[in-house]
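Chemist: Contents of target_13.txt (compact mmCIF, C-alpha atoms and all ligand atoms):
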```
# COMPACT_ATOMS: atom_id res chain seq x y z
CA MET A 380 27.90 187.62 54.57
CA ASN A 381 25.59 189.47 56.88
CA PRO A 382 22.30 187.52 56.87
CA THR A 383 20.30 190.37 58.45
CA ASN A 384 20.14 192.44 55.25
CA ILE A 385 17.04 191.54 53.28
CA ASN A 386 18.88 192.86 50.23
CA VAL A 387 21.54 190.18 49.74
CA PHE A 388 23.46 192.37 47.28
CA LYS A 389 23.98 194.84 50.13
CA SER A 390 25.64 192.07 52.13
CA TYR A 391 27.71 191.07 49.11
CA GLY A 392 28.84 194.68 48.70
CA GLU A 393 29.81 194.91 52.36
CA SER A 394 31.63 191.57 52.50
CA GLY A 395 33.14 191.47 49.02
CA ILE A 396 36.37 193.15 50.14
CA ALA A 397 37.21 189.98 52.10
CA ARG A 398 37.61 188.23 48.78
CA TRP A 399 38.97 190.88 46.39
CA GLY A 400 41.03 192.84 48.89
CA ALA A 401 42.06 190.49 51.71
CA PRO A 402 44.92 188.69 49.92
CA THR A 403 46.76 191.98 49.40
CA ILE A 404 46.14 193.09 52.99
CA ALA A 405 47.28 189.70 54.27
CA ALA A 406 50.43 189.86 52.11
CA LYS A 407 51.21 193.27 53.59
CA TYR A 408 51.37 191.63 57.03
CA GLY A 409 53.55 188.76 55.85
CA ALA A 410 50.99 186.07 55.03
CA VAL A 411 52.10 183.37 52.61
CA ALA A 412 48.55 182.59 51.45
CA ALA A 413 44.98 183.70 52.10
CA MET A 414 41.89 181.57 52.67
CA VAL A 415 38.59 183.38 52.29
CA ARG A 416 35.20 182.31 53.55
CA SER A 417 32.77 182.04 50.62
CA MET A 418 30.50 184.98 49.89
CA ALA A 419 27.40 182.96 50.66
CA ILE A 420 24.87 182.73 53.45
CA ASN A 421 23.73 179.12 53.26
CA PRO A 422 25.86 176.44 54.87
CA ASP A 423 27.17 174.37 51.95
CA ASP A 424 30.25 172.55 50.67
CA TYR A 425 30.80 174.60 47.51
CA PRO A 426 33.41 177.35 47.50
CA HIS A 427 32.04 180.59 46.02
CA THR A 428 34.82 182.38 44.20
CA GLY A 429 35.39 185.57 42.25
CA VAL A 430 37.74 188.30 41.27
CA THR A 431 40.75 189.11 43.44
CA VAL A 432 42.69 192.33 43.03
CA TYR A 433 46.40 192.40 43.78
CA ASN A 434 48.54 195.40 44.57
CA ASP A 435 51.98 195.53 42.96
CA SER A 436 53.57 196.76 46.21
CA PHE A 437 53.04 193.40 47.94
CA PRO A 438 53.66 189.76 46.95
CA LYS A 439 50.86 188.16 44.96
CA ILE A 440 50.16 185.36 47.43
CA PRO A 441 47.89 182.42 46.57
CA ALA A 442 44.28 183.03 47.58
CA VAL A 443 41.55 180.41 47.83
CA ALA A 444 37.89 180.44 48.77
CA ILE A 445 36.59 177.79 51.12
CA SER A 446 32.97 176.76 51.55
CA THR A 447 30.89 178.10 54.43
CA ASN A 448 30.83 174.65 56.07
CA ASP A 449 34.62 174.36 55.85
CA ALA A 450 35.07 177.92 57.11
CA ASN A 451 32.88 177.14 60.12
CA TRP A 452 34.89 173.98 60.81
CA LEU A 453 38.17 175.85 60.52
CA SER A 454 36.95 178.65 62.75
CA HIS A 455 35.86 176.09 65.36
CA GLN A 456 39.28 174.40 65.29
CA LEU A 457 41.07 177.71 65.67
CA LYS A 458 38.89 178.65 68.65
CA MET A 459 39.93 175.41 70.30
CA LYS A 460 43.49 176.74 69.95
CA MET A 461 44.61 173.78 67.95
CA GLN A 462 47.86 174.03 66.09
CA LEU A 463 46.82 173.73 62.48
CA THR A 464 48.83 173.13 59.39
CA VAL A 465 47.15 173.84 56.09
CA PHE A 466 48.27 172.46 52.78
CA ILE A 467 47.13 174.50 49.78
CA GLN A 468 47.58 173.50 46.19
CA THR A 469 46.21 175.72 43.46
CA ASN A 470 46.38 175.44 39.71
CA CYS A 471 44.80 178.74 38.65
CA MET A 472 46.67 181.02 36.30
CA MET A 473 46.10 184.18 34.31
CA LEU A 474 46.35 183.49 30.59
CA PRO A 475 47.04 186.22 28.06
CA ASP A 476 44.07 188.02 26.51
CA ALA A 477 42.55 186.33 23.47
CA PRO A 478 39.99 187.62 20.96
CA SER A 479 36.35 187.15 21.90
CA PHE A 480 33.11 188.79 20.86
CA ASN A 481 29.84 190.31 21.96
CA VAL A 482 26.95 188.53 20.25
CA ALA A 483 23.94 190.55 19.15
CA GLY A 484 20.68 190.06 17.29
CA GLU A 485 18.09 192.70 16.55
CA ILE A 486 14.74 193.60 15.05
CA ARG A 487 15.19 196.79 13.04
CA GLY A 488 12.85 199.61 14.00
CA SER A 489 10.11 200.39 11.46
CA GLU A 490 10.03 204.15 12.20
CA PHE A 491 13.19 205.07 14.10
CA PRO A 492 15.77 202.41 13.22
CA ASN A 493 18.63 204.49 14.61
CA GLU A 494 16.99 204.62 18.05
CA ILE A 495 18.25 201.56 19.90
CA ILE A 496 16.69 199.69 22.78
CA THR A 497 19.23 197.24 24.19
CA VAL A 498 18.40 194.23 26.30
CA GLY A 499 21.25 192.10 27.52
CA GLY A 500 23.15 189.81 29.81
CA HIS A 501 26.70 188.51 29.77
CA LEU A 502 28.06 185.55 27.89
CA ASP A 503 31.07 184.74 30.07
CA SER A 504 30.86 183.14 33.49
CA TRP A 505 33.11 182.69 36.46
CA ASP A 506 35.28 179.73 35.52
CA LEU A 507 34.34 177.01 37.99
CA ALA A 508 30.67 176.95 37.05
CA GLU A 509 28.44 176.72 34.00
CA GLY A 510 27.12 180.16 34.83
CA ALA A 511 23.54 179.06 34.21
CA HIS A 512 22.13 181.84 36.38
CA ASP A 513 25.13 184.18 36.08
CA ASP A 514 24.48 184.98 33.41
CA GLY A 515 23.08 182.33 31.10
CA ALA A 516 19.65 183.32 32.40
CA GLY A 517 20.11 186.96 31.37
CA CYS A 518 21.29 185.94 27.89
CA VAL A 519 18.38 183.58 27.32
CA GLN A 520 15.88 186.11 28.65
CA SER A 521 17.25 188.76 26.29
CA ILE A 522 16.88 186.43 23.30
CA GLU A 523 13.39 185.55 24.53
CA VAL A 524 12.40 189.26 24.49
CA ILE A 525 13.17 189.34 20.76
CA ARG A 526 11.38 186.02 20.18
CA ALA A 527 8.27 187.12 22.12
CA ILE A 528 8.01 190.38 20.20
CA LYS A 529 8.28 188.53 16.91
CA ALA A 530 5.91 185.76 17.96
CA ASN A 531 3.26 188.33 18.86
CA GLY A 532 3.51 189.96 15.44
CA ILE A 533 4.70 193.25 16.90
CA LYS A 534 6.64 195.52 14.56
CA PRO A 535 8.62 197.78 16.90
CA LYS A 536 9.14 201.42 15.97
CA ARG A 537 12.65 201.40 17.36
CA THR A 538 15.43 198.88 16.90
CA ILE A 539 15.35 196.26 19.64
CA ARG A 540 18.68 194.57 20.10
CA ALA A 541 19.51 191.60 22.32
CA VAL A 542 23.16 191.68 23.31
CA MET A 543 25.20 188.98 24.98
CA PHE A 544 28.14 190.90 26.36
CA MET A 545 31.55 189.26 26.63
CA ASN A 546 33.99 189.64 29.53
CA GLU A 547 31.76 191.06 32.24
CA GLU A 548 33.40 189.05 34.96
CA ASN A 549 36.95 189.98 34.20
CA GLY A 550 36.98 193.64 33.28
CA ARG A 551 33.81 194.50 31.29
CA LYS A 552 35.61 194.80 27.99
CA GLY A 553 32.42 193.84 26.10
CA GLY A 554 30.40 196.64 27.68
CA ASP A 555 33.13 199.16 26.92
CA LYS A 556 33.38 197.95 23.32
CA TYR A 557 29.61 198.25 22.91
CA LEU A 558 29.76 201.93 23.89
CA GLU A 559 32.73 202.49 21.59
CA LEU A 560 30.80 201.01 18.63
CA ALA A 561 27.64 202.94 19.54
CA GLU A 562 29.61 206.18 19.40
CA ALA A 563 31.46 205.24 16.21
CA ASN A 564 28.18 204.33 14.48
CA LYS A 565 26.40 207.43 15.87
CA GLU A 566 23.60 205.29 17.31
CA LYS A 567 21.03 206.85 19.58
CA HIS A 568 20.63 204.59 22.62
CA VAL A 569 17.30 205.44 24.22
CA PHE A 570 16.97 202.56 26.68
CA ALA A 571 19.00 199.62 27.96
CA LEU A 572 17.78 196.80 30.19
CA GLU A 573 20.08 194.28 31.86
CA SER A 574 19.30 190.94 33.46
CA ASP A 575 22.18 189.82 35.67
CA GLU A 576 20.85 188.93 39.10
CA GLY A 577 19.81 185.37 38.38
CA GLY A 578 16.83 183.87 36.60
CA PHE A 579 14.61 183.90 39.67
CA THR A 580 11.01 185.05 40.10
CA PRO A 581 10.80 188.69 39.00
CA ARG A 582 9.84 191.27 41.62
CA GLY A 583 10.51 194.66 40.06
CA PHE A 584 12.53 196.87 37.76
CA ASN A 585 14.98 199.63 38.65
CA PHE A 586 15.66 202.66 36.47
CA THR A 587 18.23 205.40 36.13
CA SER A 588 16.59 208.29 34.30
CA THR A 589 15.52 211.89 34.70
CA GLU A 590 12.67 212.57 37.12
CA MET A 591 10.30 213.28 34.22
CA GLN A 592 11.18 210.04 32.49
CA PHE A 593 10.72 208.11 35.72
CA GLU A 594 7.24 209.56 36.19
CA LYS A 595 6.27 208.33 32.74
CA ILE A 596 7.79 204.90 33.36
CA ALA A 597 6.15 204.64 36.79
CA SER A 598 2.73 205.17 35.19
CA TRP A 599 3.14 201.77 33.49
CA GLN A 600 3.80 199.86 36.68
CA LYS A 601 0.17 198.92 37.24
CA LEU A 602 0.14 197.20 33.84
CA LEU A 603 2.65 194.64 35.11
CA LEU A 604 1.08 194.05 38.54
CA ASN A 605 -0.80 190.98 37.37
CA SER A 606 2.38 189.38 36.10
CA GLY A 607 4.18 189.58 39.41
CA ILE A 608 5.99 192.94 39.30
CA ASP A 609 5.56 194.72 42.62
CA TYR A 610 7.71 197.79 42.26
CA PHE A 611 9.58 200.18 40.00
CA GLY A 612 12.62 201.57 41.81
CA LYS A 613 15.52 203.89 41.10
CA ASN A 614 19.26 203.38 40.51
CA GLY A 615 18.85 200.86 37.73
CA GLY A 616 21.52 199.53 35.42
CA GLY A 617 24.17 196.84 35.35
CA ALA A 618 27.85 196.36 34.70
CA ASP A 619 27.49 195.76 30.96
CA ILE A 620 25.13 198.61 30.12
CA ASP A 621 26.52 201.18 32.57
CA PRO A 622 29.00 202.57 29.99
CA LEU A 623 25.92 203.83 28.06
CA LYS A 624 25.43 206.40 30.85
CA LYS A 625 27.79 208.54 28.80
CA LEU A 626 25.08 208.73 26.09
CA ASN A 627 22.34 209.62 28.64
CA THR A 628 20.61 206.32 27.93
CA VAL A 629 17.88 205.39 30.40
CA LEU A 630 19.29 202.33 32.18
CA ALA A 631 17.29 199.59 33.84
CA ASP A 632 17.64 196.18 35.41
CA ILE A 633 15.23 193.44 36.25
CA ALA A 634 15.23 192.76 39.98
CA PRO A 635 14.32 189.15 40.70
CA ASP A 636 13.93 187.62 44.13
CA THR A 637 17.60 187.26 45.02
CA GLN A 638 17.34 185.34 48.29
CA ARG A 639 18.75 182.21 46.62
CA TYR A 640 21.24 183.98 44.36
CA PHE A 641 24.21 183.57 46.67
CA ASP A 642 23.47 179.86 47.03
CA ILE A 643 24.84 179.51 43.50
CA HIS A 644 26.77 182.68 42.65
CA HIS A 645 30.25 181.85 41.29
CA ALA A 646 29.99 178.33 42.70
CA ALA A 647 29.92 174.89 41.10
CA THR A 648 26.19 174.83 41.88
CA ASP A 649 25.40 177.47 39.22
CA VAL A 650 24.22 174.84 36.77
CA PHE A 651 21.33 174.41 34.35
CA GLU A 652 19.41 172.07 36.71
CA ASN A 653 19.19 174.86 39.28
CA VAL A 654 17.34 177.22 36.95
CA SER A 655 13.56 177.12 37.11
CA ARG A 656 12.08 177.30 33.64
CA ARG A 657 8.93 178.82 35.09
CA GLU A 658 10.73 181.60 36.95
CA LEU A 659 12.97 182.28 33.95
CA HIS A 660 9.91 182.63 31.70
CA LEU A 661 8.20 184.99 34.13
CA GLY A 662 11.23 187.28 34.09
CA ALA A 663 11.55 187.20 30.31
CA ALA A 664 7.84 187.90 29.79
CA ASN A 665 7.99 190.95 32.05
CA MET A 666 11.14 192.17 30.32
CA ALA A 667 9.40 191.84 26.95
CA ALA A 668 6.39 193.75 28.27
CA LEU A 669 8.58 196.57 29.56
CA ILE A 670 10.52 196.80 26.29
CA TYR A 671 7.22 196.84 24.39
CA LEU A 672 5.99 199.77 26.50
CA VAL A 673 9.22 201.73 26.07
CA ASP A 674 9.05 201.23 22.31
CA LYS A 675 5.36 202.04 22.04
CA TYR A 676 5.25 205.16 24.20
CA GLY A 677 8.87 206.35 24.11
CA LEU A 678 10.66 208.05 26.95
ZN ZN B 701 26.83 188.25 36.23
```
Would you mind giving the structure from this file in structure tokens?
Ligand SMILES: [Zn+2]
Modeler:
Amino acid sequence: MNPTNINVFKSYGESGIARWGAPTIAAKYGAVAAMVRSMAINPDDYPHTGVTVYNDSFPKIPAVAISTNDANWLSHQLKMKMQLTVFIQTNCMMLPDAPSFNVAGEIRGSEFPNEIITVGGHLDSWDLAEGAHDDGAGCVQSIEVIRAIKANGIKPKRTIRAVMFMNEENGRKGGDKYLELAEANKEKHVFALESDEGGFTPRGFNFTSTEMQFEKIASWQKLLLNSGIDYFGKNGGGADIDPLKKLNTVLADIAPDTQRYFDIHHAATDVFENVSRRELHLGAANMAALIYLVDKYGL
């Protein structure tokens, strides 16, 4: 990934095709397998993996990710024009779909129970890791929003619902189902906040809303300055809540400091020990504060 972008997600967006698209392109030119350099910046020994998309017109060749250290070593060997033979053994397979569920808990609104404020993360993780940051952190923070509101004796006017979405990584079926149920139950979804960029120190929030709504939201920014939030930006949302766009819901995401996110993303290093309790709390507290403001003043 390009290390010169301060926004690491920009680099991920630019480089991602090497993982999800390269195997098909390689197959088109006769490759028997594809090896992809991990989507990571740090030199490490942990392959960072993720979704790969095949095209039915070409053979579905095996594709593996190799760590940045191994990729550097391989690149060095190739530059020395050594004849290399690579042995690849994989044991991944696609299993048939099986039933699974979104998990939700809520505090019913005291005045407008049919107006829903959603806060969520996703319950599934990429299979080689625990998914402690991606997205255990977002799930725990969403539950913590509910707990904090309750613990402070706040009786929200609107219904505040914490949702742990299922199947974000492999097709977003949970997010789509959530929209389907919202429509079937004629719920009014006023606001949705997602946490899915790791449980790191919070820096800001991003929002997708009308200009008028954004002005109102922006007026609250100073209230969060003392708890570490530096900016309110635009183009907010996340994979799981994006389907709610159809209902004109104001969408938001918490933007933590992501410089270390791709040290762990979809790698065996995304484990509980690598989550800072302090940073996780800071994010959750700011999320709770934002949800409180949205409920109190409306949009
Ligand atoms: Zn995620």
Chemist: What gap, in Å, lies between CA of Ser521 in chain A and CA of Arg540 in chain A?
Modeler: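 CA of Arg540 in chain A lies 8.6 Å from CA of Ser521 in chain A.
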Chemist: Set up a box along x, y and z of the file covering all listed atoms of range 615-630 of chain A, add 6 Å on every one of the six sides, and write the centre and edge lengths in Å to one decimal, as lines of an AutoDock Vina configuration file.
Modeler:
```
center_x = 23.4
center_y = 202.7
center_z = 31.9
size_x = 23.1
size_y = 25.9
size_z = 23.6
```
Chemist: Kindly provide, as a PyMOL selection string, all nucleotide and amino acid residues lying within 7 Å of ligand ZN 701 (chain B), counting only C-alpha atoms and all ligand atoms.
Modeler: chain A and resi 501+513-514+547-548+575-576
Chemist: Considering all atoms listed in the file, return as an mmCIF file with C-alpha atoms, in the frame of the given file whatever protein or nucleic-acid residues lie within 8 Å of Ala419 in chain A, sequence-local ones (same chain, fewer than 4 positions apart) excluded.
Modeler:
```
data_model
loop_
_atom_site.group_PDB
_atom_site.id
_atom_site.type_symbol
_atom_site.label_atom_id
_atom_site.label_comp_id
_atom_site.auth_asym_id
_atom_site.auth_seq_id
_atom_site.Cartn_x
_atom_site.Cartn_y
_atom_site.Cartn_z
ATOM 1 C CA MET A 380 27.900 187.620 54.570
ATOM 2 C CA HIS A 427 32.040 180.590 46.020
ATOM 3 C CA THR A 447 30.890 178.100 54.430
ATOM 4 C CA PHE A 641 24.210 183.570 46.670
ATOM 5 C CA ASP A 642 23.470 179.860 47.030
#
```
Chemist: Go ahead and compute the interatomic distance for CA of Asp555 in chain A and CA of Lys389 in chain A, in Å to one decimal.
Modeler: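 We find that CA of Asp555 in chain A and CA of Lys389 in chain A lie 25.3 Å from each other.
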Chemist: Have a look at CA of Gly615 in chain A and CA of Leu502 in chain A and let me know their distance in Å, one decimal.
Modeler: 20.4 Å
Chemist: Mind checking which residues fall within 10 Å of range 470-482 of chain A, counting all atoms listed in the file, ignoring those fewer than 5 positions away in the same chain, and posting them as an MDAnalysis selection string?
Modeler: chainID A and resid 441:443 499 501:503 518 541:546 552:554 556:557
Chemist: Please produce an output containing C-alpha atoms for each residue in the selection, written as a PDB file, keeping the file's coordinate frame.
Modeler:
```pdb
ATOM      1  CA  PRO A 441      47.890 182.420  46.570  1.00  0.00           C
ATOM      2  CA  ALA A 442      44.280 183.030  47.580  1.00  0.00           C
ATOM      3  CA  VAL A 443      41.550 180.410  47.830  1.00  0.00           C
ATOM      4  CA  GLY A 499      21.250 192.100  27.520  1.00  0.00           C
ATOM      5  CA  HIS A 501      26.700 188.510  29.770  1.00  0.00           C
ATOM      6  CA  LEU A 502      28.060 185.550  27.890  1.00  0.00           C
ATOM      7  CA  ASP A 503      31.070 184.740  30.070  1.00  0.00           C
ATOM      8  CA  CYS A 518      21.290 185.940  27.890  1.00  0.00           C
ATOM      9  CA  ALA A 541      19.510 191.600  22.320  1.00  0.00           C
ATOM     10  CA  VAL A 542      23.160 191.680  23.310  1.00  0.00           C
ATOM     11  CA  MET A 543      25.200 188.980  24.980  1.00  0.00           C
ATOM     12  CA  PHE A 544      28.140 190.900  26.360  1.00  0.00           C
ATOM     13  CA  MET A 545      31.550 189.260  26.630  1.00  0.00           C
ATOM     14  CA  ASN A 546      33.990 189.640  29.530  1.00  0.00           C
ATOM     15  CA  LYS A 552      35.610 194.800  27.990  1.00  0.00           C
ATOM     16  CA  GLY A 553      32.420 193.840  26.100  1.00  0.00           C
ATOM     17  CA  GLY A 554      30.400 196.640  27.680  1.00  0.00           C
ATOM     18  CA  LYS A 556      33.380 197.950  23.320  1.00  0.00           C
ATOM     19  CA  TYR A 557      29.610 198.250  22.910  1.00  0.00           C
TER      20      TYR A 557
END
```
Chemist: Choose the residue, out of A:Met414, A:Arg551, A:Tyr676, A:Leu626, that has the smallest atom-to-atom separation from Thr469 in chain A; count all atoms listed in the file.
Modeler: A:Met414
Chemist: Which is closer to Arg582 in chain A than all the others in A:Ser436, A:Gln638, A:Ser390, A:Thr648, using all atoms listed in the file?
Modeler: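 Closest candidate: A:Gln638.
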Chemist: Could you list, with a cut-off of 10 Å and counting all atoms listed in the file, the residues of range 422-520 of chain A near range 663-670 of chain A, each shown with its nearest atom pair and the distance in Å rounded to one decimal, rows sorted by chain and ascending number, as a tab-separated table?
Modeler:
```
residue	atom	partner	partner_atom	distance
A:Ile496	CA	A:Ile670	CA	7.7
A:Thr497	CA	A:Ile670	CA	9.0
A:Val498	CA	A:Ile670	CA	8.3
A:Ala516	CA	A:Ala663	CA	9.2
A:Gly517	CA	A:Ala663	CA	8.6
A:Val519	CA	A:Ala663	CA	8.3
A:Gln520	CA	A:Ala663	CA	4.8
```
Chemist: Generate the output file for the selected residues, C-alpha atoms, as an mmCIF file, in the frame of the given file.
Modeler:
```
data_model
loop_
_atom_site.group_PDB
_atom_site.id
_atom_site.type_symbol
_atom_site.label_atom_id
_atom_site.label_comp_id
_atom_site.auth_asym_id
_atom_site.auth_seq_id
_atom_site.Cartn_x
_atom_site.Cartn_y
_atom_site.Cartn_z
ATOM 1 C CA ILE A 496 16.690 199.690 22.780
ATOM 2 C CA THR A 497 19.230 197.240 24.190
ATOM 3 C CA VAL A 498 18.400 194.230 26.300
ATOM 4 C CA ALA A 516 19.650 183.320 32.400
ATOM 5 C CA GLY A 517 20.110 186.960 31.370
ATOM 6 C CA VAL A 519 18.380 183.580 27.320
ATOM 7 C CA GLN A 520 15.880 186.110 28.650
#
```
Chemist: Choose the residue, out of A:Asn493, A:Asn549, A:Asn448, A:Asn627, that has the smallest atom-to-atom separation from Pro426 in chain A; count all atoms listed in the file.
Modeler: A:Asn448
Chemist: Would you kindly return, as a list in words, each protein, DNA or RNA residue with an atom no farther than 12 Å from any atom of Arg656 in chain A, considering all atoms listed in the file and excluding same-chain residues fewer than 4 positions away?
Modeler: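 Listing them by chain and then by number gives Ala511, His512, Ala516, Val519, Gln520, Gly578, Phe579, Thr580, Phe651, Glu652, His660, Leu661, Gly662 and Ala663 of chain A.
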Chemist: Mind writing the picked residues with C-alpha atoms as a PDB file, in the coordinates of the input?
Modeler:
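Contents of part31.pdb, as written:
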```
ATOM      1  CA  ALA A 511      23.540 179.060  34.210  1.00  0.00           C
ATOM      2  CA  HIS A 512      22.130 181.840  36.380  1.00  0.00           C
ATOM      3  CA  ALA A 516      19.650 183.320  32.400  1.00  0.00           C
ATOM      4  CA  VAL A 519      18.380 183.580  27.320  1.00  0.00           C
ATOM      5  CA  GLN A 520      15.880 186.110  28.650  1.00  0.00           C
ATOM      6  CA  GLY A 578      16.830 183.870  36.600  1.00  0.00           C
ATOM      7  CA  PHE A 579      14.610 183.900  39.670  1.00  0.00           C
ATOM      8  CA  THR A 580      11.010 185.050  40.100  1.00  0.00           C
ATOM      9  CA  PHE A 651      21.330 174.410  34.350  1.00  0.00           C
ATOM     10  CA  GLU A 652      19.410 172.070  36.710  1.00  0.00           C
ATOM     11  CA  HIS A 660       9.910 182.630  31.700  1.00  0.00           C
ATOM     12  CA  LEU A 661       8.200 184.990  34.130  1.00  0.00           C
ATOM     13  CA  GLY A 662      11.230 187.280  34.090  1.00  0.00           C
ATOM     14  CA  ALA A 663      11.550 187.200  30.310  1.00  0.00           C
TER      15      ALA A 663
END
```
Chemist: Considering only C-alpha atoms, state which residue in the set A:Phe584, A:His644, A:Ala527, A:Glu658 is at the smallest distance from Ser417 in chain A.
Modeler: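 Among A:Phe584, A:His644, A:Ala527, A:Glu658, it is A:His644 that comes nearest to Ser417 in chain A.
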Chemist: Could you check the closest approach to Glu573 in chain A for each of A:Ala401, A:Ala444, A:Ala618, A:Leu602 and tell me which residue wins, using all atoms listed in the file?
Modeler: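 Among A:Ala401, A:Ala444, A:Ala618, A:Leu602, it is A:Ala618 that comes nearest to Glu573 in chain A.
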Chemist: If we count all atoms listed in the file, what is near Glu566 in chain A at a cut-off of 8 Å, once residues fewer than 4 positions away on the same chain are taken out, given as number ranges by chain?
Modeler: A: 493-495, 561-562
Chemist: Go through A:Ile539, A:Ile528, A:Ile608, A:Leu572 one by one, measure the shortest atom-to-atom distance of each to Ile620 in chain A using all atoms listed in the file, and give the residue with the smallest value.
Modeler: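 For Ile620 in chain A, the nearest of the given residues is A:Leu572.
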Chemist: Which polymer residues, whether protein, DNA or RNA, lie within 12 Å of the coordinate (48.9, 190.4, 55.2) when you count all atoms listed in the file? List them as a JSON list (two decimals) with C-alpha atoms, keeping the file's coordinate frame, using the chain letters and numbers from the file.
Modeler:
```json
[["chain", "number", "residue", "atom", "x", "y", "z"],
["A", 400, "GLY", "CA", 41.03, 192.84, 48.89],
["A", 401, "ALA", "CA", 42.06, 190.49, 51.71],
["A", 402, "PRO", "CA", 44.92, 188.69, 49.92],
["A", 403, "THR", "CA", 46.76, 191.98, 49.40],
["A", 404, "ILE", "CA", 46.14, 193.09, 52.99],
["A", 405, "ALA", "CA", 47.28, 189.70, 54.27],
["A", 406, "ALA", "CA", 50.43, 189.86, 52.11],
["A", 407, "LYS", "CA", 51.21, 193.27, 53.59],
["A", 408, "TYR", "CA", 51.37, 191.63, 57.03],
["A", 409, "GLY", "CA", 53.55, 188.76, 55.85],
["A", 410, "ALA", "CA", 50.99, 186.07, 55.03],
["A", 411, "VAL", "CA", 52.10, 183.37, 52.61],
["A", 412, "ALA", "CA", 48.55, 182.59, 51.45],
["A", 413, "ALA", "CA", 44.98, 183.70, 52.10],
["A", 414, "MET", "CA", 41.89, 181.57, 52.67],
["A", 433, "TYR", "CA", 46.40, 192.40, 43.78],
["A", 434, "ASN", "CA", 48.54, 195.40, 44.57],
["A", 436, "SER", "CA", 53.57, 196.76, 46.21],
["A", 437, "PHE", "CA", 53.04, 193.40, 47.94],
["A", 438, "PRO", "CA", 53.66, 189.76, 46.95],
["A", 439, "LYS", "CA", 50.86, 188.16, 44.96],
["A", 440, "ILE", "CA", 50.16, 185.36, 47.43],
["A", 441, "PRO", "CA", 47.89, 182.42, 46.57],
["A", 442, "ALA", "CA", 44.28, 183.03, 47.58]]
```
Chemist: Quick one: residues within 10 Å of (15.1, 208.2, 35.1) (file frame), counting all atoms listed in the file, please, as an NGL selection string.
Modeler: :A and (585-597 or 612-615 or 627-631 or 678)
